[in-house]
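For reference, final-v4.cif (mmCIF, C-alpha atoms):
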data_coords
#
loop_
_atom_site.label_atom_id
_atom_site.label_comp_id
_atom_site.auth_asym_id
_atom_site.auth_seq_id
_atom_site.Cartn_x
_atom_site.Cartn_y
_atom_site.Cartn_z
CA MET A 1 66.96 -35.31 131.47
CA ARG A 2 68.74 -34.66 134.76
CA ARG A 3 72.23 -33.16 134.49
CA PHE A 4 74.80 -34.32 136.99
CA PHE A 5 77.63 -32.19 138.22
CA ILE A 6 80.85 -34.13 137.84
CA PHE A 7 83.27 -33.18 140.58
CA ASN A 8 86.82 -33.16 139.36
CA PRO A 9 89.58 -32.53 141.95
CA TRP A 10 91.86 -31.35 139.13
CA ILE A 11 89.70 -28.21 138.82
CA ILE A 12 90.54 -27.24 142.41
CA VAL A 13 94.20 -28.14 141.94
CA ALA A 14 94.38 -26.12 138.73
CA PHE A 15 92.72 -23.10 140.36
CA ILE A 16 95.03 -23.24 143.38
CA VAL A 17 98.13 -23.52 141.20
CA PHE A 18 96.92 -21.08 138.56
CA LEU A 19 96.59 -18.11 140.92
CA PRO A 20 100.12 -18.21 142.42
CA VAL A 21 101.58 -18.70 138.94
CA LEU A 22 99.95 -15.46 137.87
CA VAL A 23 100.23 -13.59 141.17
CA SER A 24 103.87 -14.43 141.81
CA LEU A 25 106.07 -11.53 140.90
CA ARG A 26 109.22 -13.04 142.23
CA ASN A 27 112.37 -11.79 140.63
CA PRO A 28 115.23 -14.32 140.61
CA ARG A 29 118.21 -13.25 142.59
CA GLY A 30 120.69 -11.53 140.34
CA GLU A 31 118.29 -10.49 137.58
CA PRO A 32 118.87 -6.92 136.40
CA GLU A 33 116.12 -4.38 136.91
CA PRO A 34 113.99 -3.15 135.33
CA GLU A 35 114.71 -4.58 131.89
CA ASN A 36 113.89 -8.21 132.69
CA THR A 37 111.59 -7.79 135.64
CA ILE A 38 108.76 -10.24 135.63
CA THR A 39 106.31 -7.46 136.44
CA GLN A 40 106.46 -6.21 132.88
CA THR A 41 102.92 -5.98 131.57
CA THR A 42 103.50 -5.90 127.85
CA SER A 43 100.93 -8.03 126.13
CA SER A 44 103.53 -10.19 124.41
CA SER A 45 105.81 -11.06 127.31
CA SER A 46 103.83 -11.72 130.50
CA PHE A 47 100.58 -12.73 132.09
CA SER A 48 98.80 -10.53 134.60
CA HIS A 49 95.58 -10.41 136.57
CA THR A 50 94.07 -8.53 133.64
CA SER A 51 94.94 -11.25 131.12
CA PHE A 52 93.63 -13.94 133.47
CA ARG A 53 90.38 -12.01 133.89
CA SER A 54 90.08 -11.65 130.13
CA VAL A 55 90.34 -15.42 129.73
CA ILE A 56 87.53 -15.96 132.20
CA LEU A 57 85.36 -13.26 130.61
CA ALA A 58 85.98 -14.87 127.23
CA ALA A 59 84.03 -17.95 128.29
CA ASN A 60 81.03 -18.52 126.08
CA THR A 61 81.92 -15.44 123.98
CA PHE A 62 84.06 -15.50 120.85
CA PRO A 63 84.16 -11.98 119.39
CA PHE A 64 86.94 -12.96 117.00
CA ASP A 65 87.07 -13.64 113.31
CA PHE A 66 87.04 -17.30 112.37
CA ASN A 67 90.60 -18.58 111.75
CA GLN A 68 92.14 -15.60 113.51
CA ARG A 69 95.25 -16.36 115.54
CA ILE A 70 95.26 -14.97 119.07
CA ARG A 71 98.77 -14.28 120.42
CA ASP A 72 97.91 -14.53 124.13
CA GLY A 73 95.26 -17.24 123.95
CA SER A 74 92.60 -14.95 125.40
CA ASN A 75 89.98 -16.82 123.39
CA LEU A 76 90.63 -20.08 125.27
CA GLN A 77 88.54 -21.32 128.19
CA TYR A 78 89.04 -23.45 131.22
CA ASN A 79 87.33 -26.83 130.65
CA PHE A 80 86.13 -25.89 127.18
CA TYR A 81 84.66 -29.37 126.63
CA ARG A 82 82.62 -29.39 129.85
CA ASP A 83 79.38 -29.87 127.88
CA SER A 84 80.48 -31.56 124.65
CA CYS A 85 82.99 -34.01 126.14
CA PRO A 86 83.29 -33.54 129.92
CA GLN A 87 85.56 -36.56 130.34
CA ALA A 88 88.10 -35.43 127.72
CA GLU A 89 90.83 -34.22 130.07
CA ASP A 90 90.48 -37.29 132.30
CA ILE A 91 90.84 -39.55 129.27
CA VAL A 92 94.00 -37.76 128.15
CA ARG A 93 95.46 -37.89 131.66
CA SER A 94 94.72 -41.59 132.04
CA ALA A 95 96.15 -42.45 128.62
CA VAL A 96 99.32 -40.45 129.26
CA THR A 97 99.79 -42.18 132.61
CA ASP A 98 99.40 -45.64 131.07
CA ILE A 99 101.91 -44.85 128.32
CA TYR A 100 104.38 -43.19 130.69
CA PHE A 101 104.94 -46.24 132.85
CA ASP A 102 105.94 -48.26 129.77
CA HIS A 103 107.87 -45.43 128.08
CA ARG A 104 109.73 -43.21 130.54
CA ASP A 105 110.99 -41.02 127.71
CA LEU A 106 107.43 -39.82 127.09
CA ALA A 107 107.87 -36.53 128.96
CA PRO A 108 110.84 -35.16 126.98
CA SER A 109 109.36 -36.49 123.75
CA LEU A 110 105.98 -34.79 124.15
CA LEU A 111 107.50 -31.63 125.61
CA ARG A 112 109.76 -31.15 122.60
CA LEU A 113 107.04 -32.14 120.16
CA PHE A 114 104.72 -29.59 121.75
CA PHE A 115 107.40 -26.89 121.64
CA HIS A 116 108.07 -27.49 117.95
CA ASP A 117 104.37 -27.25 117.19
CA CYS A 118 103.78 -24.04 119.15
CA PHE A 119 106.98 -22.29 118.08
CA ILE A 120 105.93 -22.36 114.41
CA GLN A 121 102.71 -20.40 113.80
CA GLY A 122 101.30 -21.27 117.21
CA CYS A 123 99.80 -24.26 119.02
CA ASP A 124 97.62 -25.60 116.22
CA ALA A 125 98.73 -29.23 115.70
CA SER A 126 100.08 -28.32 112.26
CA LEU A 127 103.10 -30.45 113.11
CA LEU A 128 100.88 -33.54 113.10
CA LEU A 129 99.68 -33.04 109.52
CA GLU A 130 100.99 -35.37 106.84
CA ASP A 131 99.32 -33.69 103.88
CA ASN A 132 99.25 -29.93 103.40
CA GLY A 133 97.12 -30.10 100.26
CA ASP A 134 99.99 -29.21 97.96
CA ARG A 135 101.19 -32.10 95.83
CA ASN A 136 104.48 -30.31 95.16
CA GLY A 137 105.01 -29.14 98.72
CA SER A 138 106.39 -30.63 101.90
CA TYR A 139 104.69 -30.79 105.25
CA GLU A 140 105.99 -29.56 108.58
CA LYS A 141 106.88 -32.95 109.98
CA GLN A 142 109.39 -33.38 107.14
CA ALA A 143 111.43 -30.29 108.04
CA ILE A 144 114.93 -31.21 109.18
CA PRO A 145 114.49 -29.97 112.77
CA ASN A 146 111.37 -32.12 113.09
CA GLN A 147 112.74 -35.34 111.62
CA THR A 148 114.24 -36.28 114.98
CA LEU A 149 111.07 -35.80 117.02
CA LYS A 150 109.52 -38.75 118.82
CA GLY A 151 106.07 -39.28 120.28
CA PHE A 152 103.81 -38.99 117.24
CA ASP A 153 102.61 -42.57 117.72
CA LYS A 154 101.85 -41.86 121.38
CA VAL A 155 99.75 -38.84 120.45
CA ASP A 156 97.85 -41.06 118.00
CA LEU A 157 97.10 -43.54 120.78
CA ILE A 158 95.82 -40.80 123.07
CA LYS A 159 93.73 -39.32 120.26
CA GLU A 160 92.16 -42.71 119.54
CA GLU A 161 90.96 -43.05 123.13
CA VAL A 162 89.44 -39.58 123.10
CA GLU A 163 87.76 -40.26 119.76
CA GLN A 164 86.15 -43.43 121.07
CA ALA A 165 84.41 -41.41 123.77
CA CYS A 166 83.74 -38.20 121.83
CA PRO A 167 84.09 -38.60 118.06
CA GLY A 168 85.08 -35.44 116.24
CA ILE A 169 84.85 -33.16 119.26
CA VAL A 170 88.28 -32.60 120.83
CA SER A 171 90.95 -30.95 118.70
CA CYS A 172 94.39 -32.49 118.22
CA ALA A 173 95.90 -29.19 119.35
CA ASP A 174 94.15 -29.46 122.72
CA ILE A 175 95.07 -33.11 123.10
CA LEU A 176 98.73 -32.33 122.47
CA ALA A 177 98.70 -29.40 124.93
CA LEU A 178 97.08 -31.50 127.66
CA ALA A 179 99.28 -34.53 127.03
CA ALA A 180 102.47 -32.45 127.17
CA ARG A 181 101.41 -30.93 130.51
CA ASP A 182 100.46 -34.29 132.01
CA SER A 183 103.69 -35.95 130.86
CA VAL A 184 105.81 -33.12 132.29
CA LEU A 185 104.04 -33.56 135.62
CA LEU A 186 104.67 -37.32 135.57
CA GLY A 187 108.32 -36.62 134.73
CA GLY A 188 108.75 -34.62 137.91
CA GLY A 189 107.99 -31.20 136.49
CA PRO A 190 105.59 -28.61 137.87
CA PHE A 191 101.86 -28.54 137.26
CA TYR A 192 100.49 -25.69 135.18
CA PRO A 193 96.93 -25.04 134.01
CA VAL A 194 96.04 -25.67 130.38
CA LEU A 195 93.13 -23.78 128.86
CA THR A 196 91.34 -25.42 125.94
CA GLY A 197 89.36 -24.53 122.86
CA ARG A 198 92.15 -24.55 120.25
CA ARG A 199 91.26 -25.32 116.66
CA ASP A 200 93.46 -27.47 114.45
CA SER A 201 95.28 -25.96 111.51
CA LEU A 202 94.58 -27.27 108.04
CA GLN A 203 97.87 -25.83 106.80
CA SER A 204 101.40 -27.07 107.37
CA PHE A 205 104.46 -24.80 107.64
CA PHE A 206 107.48 -26.62 106.26
CA HIS A 207 109.63 -23.62 105.35
CA GLU A 208 108.94 -21.78 108.61
CA ALA A 209 109.90 -24.88 110.61
CA THR A 210 113.10 -25.28 108.60
CA ASP A 211 114.18 -21.69 109.14
CA GLN A 212 112.87 -20.71 112.57
CA ILE A 213 113.30 -23.63 114.96
CA PRO A 214 116.26 -22.85 117.30
CA ARG A 215 119.47 -24.64 116.38
CA PRO A 216 121.96 -26.36 118.73
CA ASP A 217 124.81 -24.18 117.40
CA ASP A 218 122.96 -20.85 117.60
CA ASN A 219 124.68 -17.97 119.35
CA LEU A 220 122.85 -16.18 122.14
CA MET A 221 121.79 -13.26 119.97
CA ARG A 222 119.91 -15.48 117.53
CA THR A 223 118.32 -17.55 120.30
CA LEU A 224 117.01 -14.47 122.09
CA HIS A 225 115.84 -13.00 118.79
CA LEU A 226 113.80 -16.08 117.82
CA PHE A 227 112.11 -16.21 121.20
CA ASN A 228 111.53 -12.45 121.29
CA LEU A 229 109.70 -12.65 117.95
CA ARG A 230 107.17 -14.82 119.75
CA GLY A 231 106.85 -12.55 122.76
CA PHE A 232 109.25 -14.24 125.18
CA ASN A 233 111.68 -12.06 127.11
CA ALA A 234 115.14 -13.12 128.30
CA ARG A 235 113.93 -14.53 131.59
CA GLU A 236 111.22 -16.59 129.90
CA THR A 237 113.72 -17.86 127.32
CA VAL A 238 116.23 -18.99 129.95
CA SER A 239 113.42 -20.65 131.89
CA LEU A 240 111.99 -22.46 128.86
CA LEU A 241 115.43 -23.78 127.88
CA GLY A 242 115.44 -25.43 131.30
CA GLY A 243 113.23 -28.07 129.70
CA HIS A 244 116.55 -29.67 128.75
CA ASN A 245 116.56 -30.95 132.35
CA ILE A 246 114.80 -34.08 131.17
CA GLY A 247 115.65 -36.43 128.36
CA LYS A 248 118.79 -37.20 126.44
CA ILE A 249 120.42 -35.01 123.81
CA GLY A 250 121.58 -37.18 120.94
CA CYS A 251 125.16 -37.28 119.75
CA ASP A 252 124.09 -35.86 116.40
CA PHE A 253 123.54 -32.53 118.11
CA ILE A 254 126.87 -32.60 119.95
CA GLN A 255 129.45 -34.15 117.62
CA GLN A 256 130.18 -31.12 115.49
CA ARG A 257 131.04 -29.19 118.64
CA LEU A 258 133.35 -32.00 119.75
CA TYR A 259 135.25 -32.65 116.54
CA ASP A 260 134.72 -29.88 114.00
CA PHE A 261 133.57 -26.74 115.78
CA GLN A 262 132.59 -24.09 113.22
CA GLY A 263 134.54 -25.95 110.52
CA THR A 264 137.90 -25.70 112.31
CA GLY A 265 138.51 -29.44 112.59
CA GLN A 266 139.00 -28.85 116.32
CA PRO A 267 136.69 -29.04 119.35
CA ASP A 268 135.01 -26.00 120.83
CA PRO A 269 137.84 -24.39 122.84
CA SER A 270 135.42 -23.31 125.56
CA ILE A 271 134.72 -26.90 126.64
CA PRO A 272 136.72 -27.88 129.77
CA LEU A 273 139.19 -30.64 128.88
CA ASP A 274 137.82 -33.15 131.38
CA PHE A 275 134.30 -32.59 130.13
CA LEU A 276 135.46 -32.84 126.52
CA SER A 277 136.90 -36.28 127.29
CA GLN A 278 133.65 -37.34 128.94
CA MET A 279 131.56 -36.12 126.02
CA ARG A 280 133.80 -37.81 123.45
CA LEU A 281 133.56 -41.05 125.41
CA ASN A 282 129.79 -40.90 125.16
CA CYS A 283 129.82 -39.62 121.56
CA PRO A 284 132.82 -41.00 119.63
CA ASP A 285 133.75 -39.42 116.33
CA ASN A 286 131.73 -40.66 113.42
CA SER A 287 132.80 -39.29 110.07
CA LYS A 288 129.59 -40.62 108.51
CA ASN A 289 127.47 -38.40 110.72
CA ASN A 290 125.29 -36.32 108.47
CA PHE A 291 124.95 -33.23 110.64
CA SER A 292 124.08 -30.32 108.37
CA SER A 293 126.76 -27.66 108.10
CA ASN A 294 124.13 -24.99 108.63
CA GLY A 295 123.18 -26.48 112.00
CA THR A 296 119.53 -26.97 111.25
CA PHE A 297 118.94 -29.60 113.91
CA SER A 298 116.96 -28.29 116.85
CA SER A 299 118.25 -27.97 120.38
CA PHE A 300 114.83 -29.16 121.55
CA THR A 301 114.67 -32.46 119.71
CA ALA A 302 114.99 -35.82 121.33
CA SER A 303 117.76 -38.30 120.59
CA LYS A 304 117.08 -39.84 117.20
CA PRO A 305 119.69 -39.44 114.45
CA MET A 306 118.79 -38.48 110.89
CA ASN A 307 120.62 -41.54 109.57
CA VAL A 308 118.68 -44.56 110.78
CA HIS A 309 121.78 -46.75 110.45
CA HIS A 310 123.34 -45.05 113.48
CA SER A 311 122.39 -46.05 116.99
CA ASN A 312 119.75 -43.84 118.53
CA ASP A 313 120.81 -44.78 122.07
CA LYS A 314 123.95 -42.64 122.18
CA GLY A 315 123.83 -39.25 123.76
CA MET A 316 124.03 -37.47 127.09
CA SER A 317 121.67 -35.94 129.60
CA TYR A 318 122.35 -32.91 131.74
CA MET A 319 122.30 -35.20 134.76
CA GLN A 320 125.36 -36.89 133.27
CA ALA A 321 126.97 -33.55 132.53
CA LEU A 322 127.28 -32.73 136.21
CA SER A 323 130.20 -34.11 138.18
CA SER A 324 129.28 -36.96 140.49
CA ALA A 325 130.44 -34.72 143.33
CA VAL A 326 127.58 -32.32 142.65
CA PRO A 327 124.33 -33.45 144.28
CA SER A 328 121.19 -33.43 142.18
CA GLY A 329 117.71 -34.35 143.32
CA ALA A 330 114.68 -34.74 141.12
CA PHE A 331 114.99 -34.76 137.35
CA PHE A 332 113.28 -31.41 137.16
CA ASP A 333 115.63 -29.51 139.43
CA THR A 334 118.51 -27.08 138.81
CA HIS A 335 121.15 -29.42 137.36
CA TYR A 336 120.79 -27.88 133.88
CA TYR A 337 121.73 -24.46 135.25
CA GLN A 338 124.42 -25.87 137.52
CA SER A 339 125.99 -27.49 134.47
CA LEU A 340 126.08 -24.18 132.59
CA LEU A 341 127.71 -22.42 135.55
CA ARG A 342 130.51 -25.01 135.38
CA GLY A 343 130.95 -24.65 131.63
CA ARG A 344 129.45 -28.08 131.06
CA GLY A 345 126.63 -27.24 128.68
CA LEU A 346 126.01 -30.04 126.20
CA LEU A 347 124.86 -27.76 123.40
CA PHE A 348 126.70 -24.66 122.26
CA ALA A 349 123.39 -22.77 122.30
CA ASP A 350 122.84 -23.76 125.94
CA GLN A 351 126.32 -22.72 127.06
CA GLN A 352 125.83 -19.43 125.25
CA LEU A 353 123.45 -18.41 128.04
CA MET A 354 126.61 -17.61 129.98
CA ALA A 355 127.93 -15.32 127.23
CA GLN A 356 126.07 -12.20 128.40
CA GLU A 357 125.71 -10.85 131.92
CA LYS A 358 121.94 -10.54 131.57
CA THR A 359 121.31 -14.22 130.89
CA ALA A 360 124.25 -15.43 132.99
CA ARG A 361 122.71 -13.80 136.05
CA LEU A 362 119.45 -15.56 135.34
CA VAL A 363 121.26 -18.91 135.07
CA SER A 364 122.98 -18.21 138.38
CA ALA A 365 119.70 -17.26 140.01
CA TYR A 366 117.96 -20.45 138.91
CA ALA A 367 120.91 -22.54 140.10
CA SER A 368 121.13 -20.89 143.50
CA ASP A 369 118.09 -22.32 145.30
CA ASP A 370 116.29 -25.63 145.61
CA GLY A 371 114.67 -25.27 142.19
CA SER A 372 111.48 -23.59 143.36
CA THR A 373 112.18 -20.38 141.43
CA PHE A 374 112.84 -22.29 138.22
CA ARG A 375 109.80 -24.52 138.64
CA MET A 376 107.51 -21.55 139.23
CA ASP A 377 108.89 -19.72 136.20
CA PHE A 378 108.79 -22.84 134.04
CA ALA A 379 105.12 -23.36 134.90
CA ARG A 380 104.44 -19.74 134.00
CA VAL A 381 106.24 -19.87 130.66
CA MET A 382 104.67 -23.21 129.70
CA LEU A 383 101.26 -21.68 130.31
CA LYS A 384 102.25 -18.81 128.04
CA LEU A 385 103.68 -21.15 125.38
CA SER A 386 100.52 -23.25 125.36
CA ASN A 387 98.44 -20.14 124.60
CA LEU A 388 100.69 -18.89 121.80
CA ASP A 389 99.00 -17.85 118.55
CA VAL A 390 96.10 -20.25 118.89
CA LEU A 391 93.40 -20.54 116.25
CA THR A 392 89.89 -19.58 117.31
#
Just dump the structure as structure tokens.
Amino acid sequence: MRRFFIFNPWIIVAFIVFLPVLVSLRNPRGEPEPENTITQTTSSSSFSHTSFRSVILAANTFPFDFNQRIRDGSNLQYNFYRDSCPQAEDIVRSAVTDIYFDHRDLAPSLLRLFFHDCFIQGCDASLLLEDNGDRNGSYEKQAIPNQTLKGFDKVDLIKEEVEQACPGIVSCADILALAARDSVLLGGGPFYPVLTGRRDSLQSFFHEATDQIPRPDDNLMRTLHLFNLRGFNARETVSLLGGHNIGKIGCDFIQQRLYDFQGTGQPDPSIPLDFLSQMRLNCPDNSKNNFSSNGTFSSFTASKPMNVHHSNDKGMSYMQALSSAVPSGAFFDTHYYQSLLRGRGLLFADQQLMAQEKTARLVSAYASDDGSTFRMDFARVMLKLSNLDVLT
């Protein structure tokens, strides 16, 4: 049987974009040296030519134990399904595009869903499980930080299309990683390459999700600590939080800061008065709001309150947080960082990036150009996130 070579322009695009992402050693203006320099070569906090070469050399060779988790994704391959399902990535891309034009909130929904999956035990689709095999246990999707996530039904639709073409071949973990990338690109974000070959987890991690997903009221120390445990340095953390550029943050995540900050019965005193009025106008006080006193909602979740009797349309975006006098271009630009510089962070955890000189200088650096520095760094950190603790 003759084998045909299928030319895919995305391969060239991915290769062109992949190299500058890895080669670029740009240091944002204002970042202290050498502690946060991007040229660090520790295995847990950056990609280098060596790690890229190891990914390529890993093709067709898997010298790892079955079910072993690989922190840097060095067991993944580019176009893993080239023989078993060569059209897989095109199917995902087409399905995401079709859904996006009917549901413009797809990008923030899938981005946050993907983050929640990867942040807990790696990118293994454990978040999608609805049965962990323990009749007395709870599954990951039920954890409080995950109860506000949206996009599960969209992932199911994409999975169905892939399954029709290649039954039982493509993992849910790979589908989610590809769909998140494609939706971010459609939402105005940067392209970044996604390697494939992830296996799906058969185990769910309810308790880990409950305890370890970042909270909207976390101080900077805890935020940096949680990300550092997964190999992300300060620069990568500040860059990844820039994903708040897109989507709306629901009032459930803001109201405690507006009306009962840290149990004082008063608003957060650090909020500028004019911005406090604007936020309260968008998110009026609701004494029935069931925001947990321990702040277990996630700063990465989309707008969908725990109590289904409340409207899920209320909330604010970081585009709204900026004054109308401040110009802002594409959705995926610097308006998140500009907001923080003006003390107009929607979440306490976001505004805490200005609490230390190290992270404040990074915020200032990202806000100081046309967004190219942020977009390059965001592409780099999303590549790293997508390779986090994957199952072989």
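Pairwise distance (atom CA of A:Tyr337, atom CA of A:Ala367) equals 5.3 Å.
Counting from atom CA of A:Ser239, the distance to atom CA of A:Phe374 is 6.6 Å.
We find atom CA of A:Leu128 and atom CA of A:Leu202 to be spaced 10.2 Å apart.
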> Can you list what the PyMOL selection byres ((chain A and resi 152) around 10) grabs from this structure, as an MDAnalysis selection string?
Replying inline: chainID A and resid 109:110 113 127:128 141 149:151 153:157 176
> From the list A:Ala125, A:Val96, A:Cys166, A:Met316, which residue is nearest A:Arg82 when using all atoms listed in the file?
Replying inline: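 The answer is A:Cys166, which sits nearest to A:Arg82.
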>> Once the PyMOL selection byres ((chain A and resi 344) around 8) is applied to the coordinates I shared, what remains selected? I want it as a ChimeraX atom specification.
In response: /A:271-272,275,321-322,339-343,345-346,351
> Out of A:Ala165, A:Ala173, A:Ile213, A:Cys251, which residue has the shortest atom-to-atom distance to A:Val194 when counting all atoms listed in the file?
Replying inline: A:Ala173
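Minimum distance to A:Ala355 across A:Thr373, A:Gln278, A:Asn233, A:Asn219 (counting all atoms listed in the file) occurs at A:Asn219.
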>> Under the rule that only C-alpha atoms are counted, which of A:Ala209, A:Ser386, A:Thr223, A:Phe261 is the nearest residue to A:Gln147?
In response: A:Ala209
Name the residues captured by the PyMOL selection byres ((chain A and resi 229) around 12) when it is applied to the shown file; answer as a PDB file with C-alpha atoms, in the frame of the given file.
ATOM      1  CA  SER A  44     103.530 -10.190 124.410  1.00  0.00           C
ATOM      2  CA  SER A  45     105.810 -11.060 127.310  1.00  0.00           C
ATOM      3  CA  ARG A  71      98.770 -14.280 120.420  1.00  0.00           C
ATOM      4  CA  PHE A 119     106.980 -22.290 118.080  1.00  0.00           C
ATOM      5  CA  ILE A 120     105.930 -22.360 114.410  1.00  0.00           C
ATOM      6  CA  GLN A 121     102.710 -20.400 113.800  1.00  0.00           C
ATOM      7  CA  GLN A 212     112.870 -20.710 112.570  1.00  0.00           C
ATOM      8  CA  ILE A 213     113.300 -23.630 114.960  1.00  0.00           C
ATOM      9  CA  ARG A 222     119.910 -15.480 117.530  1.00  0.00           C
ATOM     10  CA  THR A 223     118.320 -17.550 120.300  1.00  0.00           C
ATOM     11  CA  LEU A 224     117.010 -14.470 122.090  1.00  0.00           C
ATOM     12  CA  HIS A 225     115.840 -13.000 118.790  1.00  0.00           C
ATOM     13  CA  LEU A 226     113.800 -16.080 117.820  1.00  0.00           C
ATOM     14  CA  PHE A 227     112.110 -16.210 121.200  1.00  0.00           C
ATOM     15  CA  ASN A 228     111.530 -12.450 121.290  1.00  0.00           C
ATOM     16  CA  ARG A 230     107.170 -14.820 119.750  1.00  0.00           C
ATOM     17  CA  GLY A 231     106.850 -12.550 122.760  1.00  0.00           C
ATOM     18  CA  PHE A 232     109.250 -14.240 125.180  1.00  0.00           C
ATOM     19  CA  ASN A 233     111.680 -12.060 127.110  1.00  0.00           C
ATOM     20  CA  ALA A 234     115.140 -13.120 128.300  1.00  0.00           C
ATOM     21  CA  THR A 237     113.720 -17.860 127.320  1.00  0.00           C
ATOM     22  CA  LEU A 388     100.690 -18.890 121.800  1.00  0.00           C
ATOM     23  CA  ASP A 389      99.000 -17.850 118.550  1.00  0.00           C
TER      24      ASP A 389
END
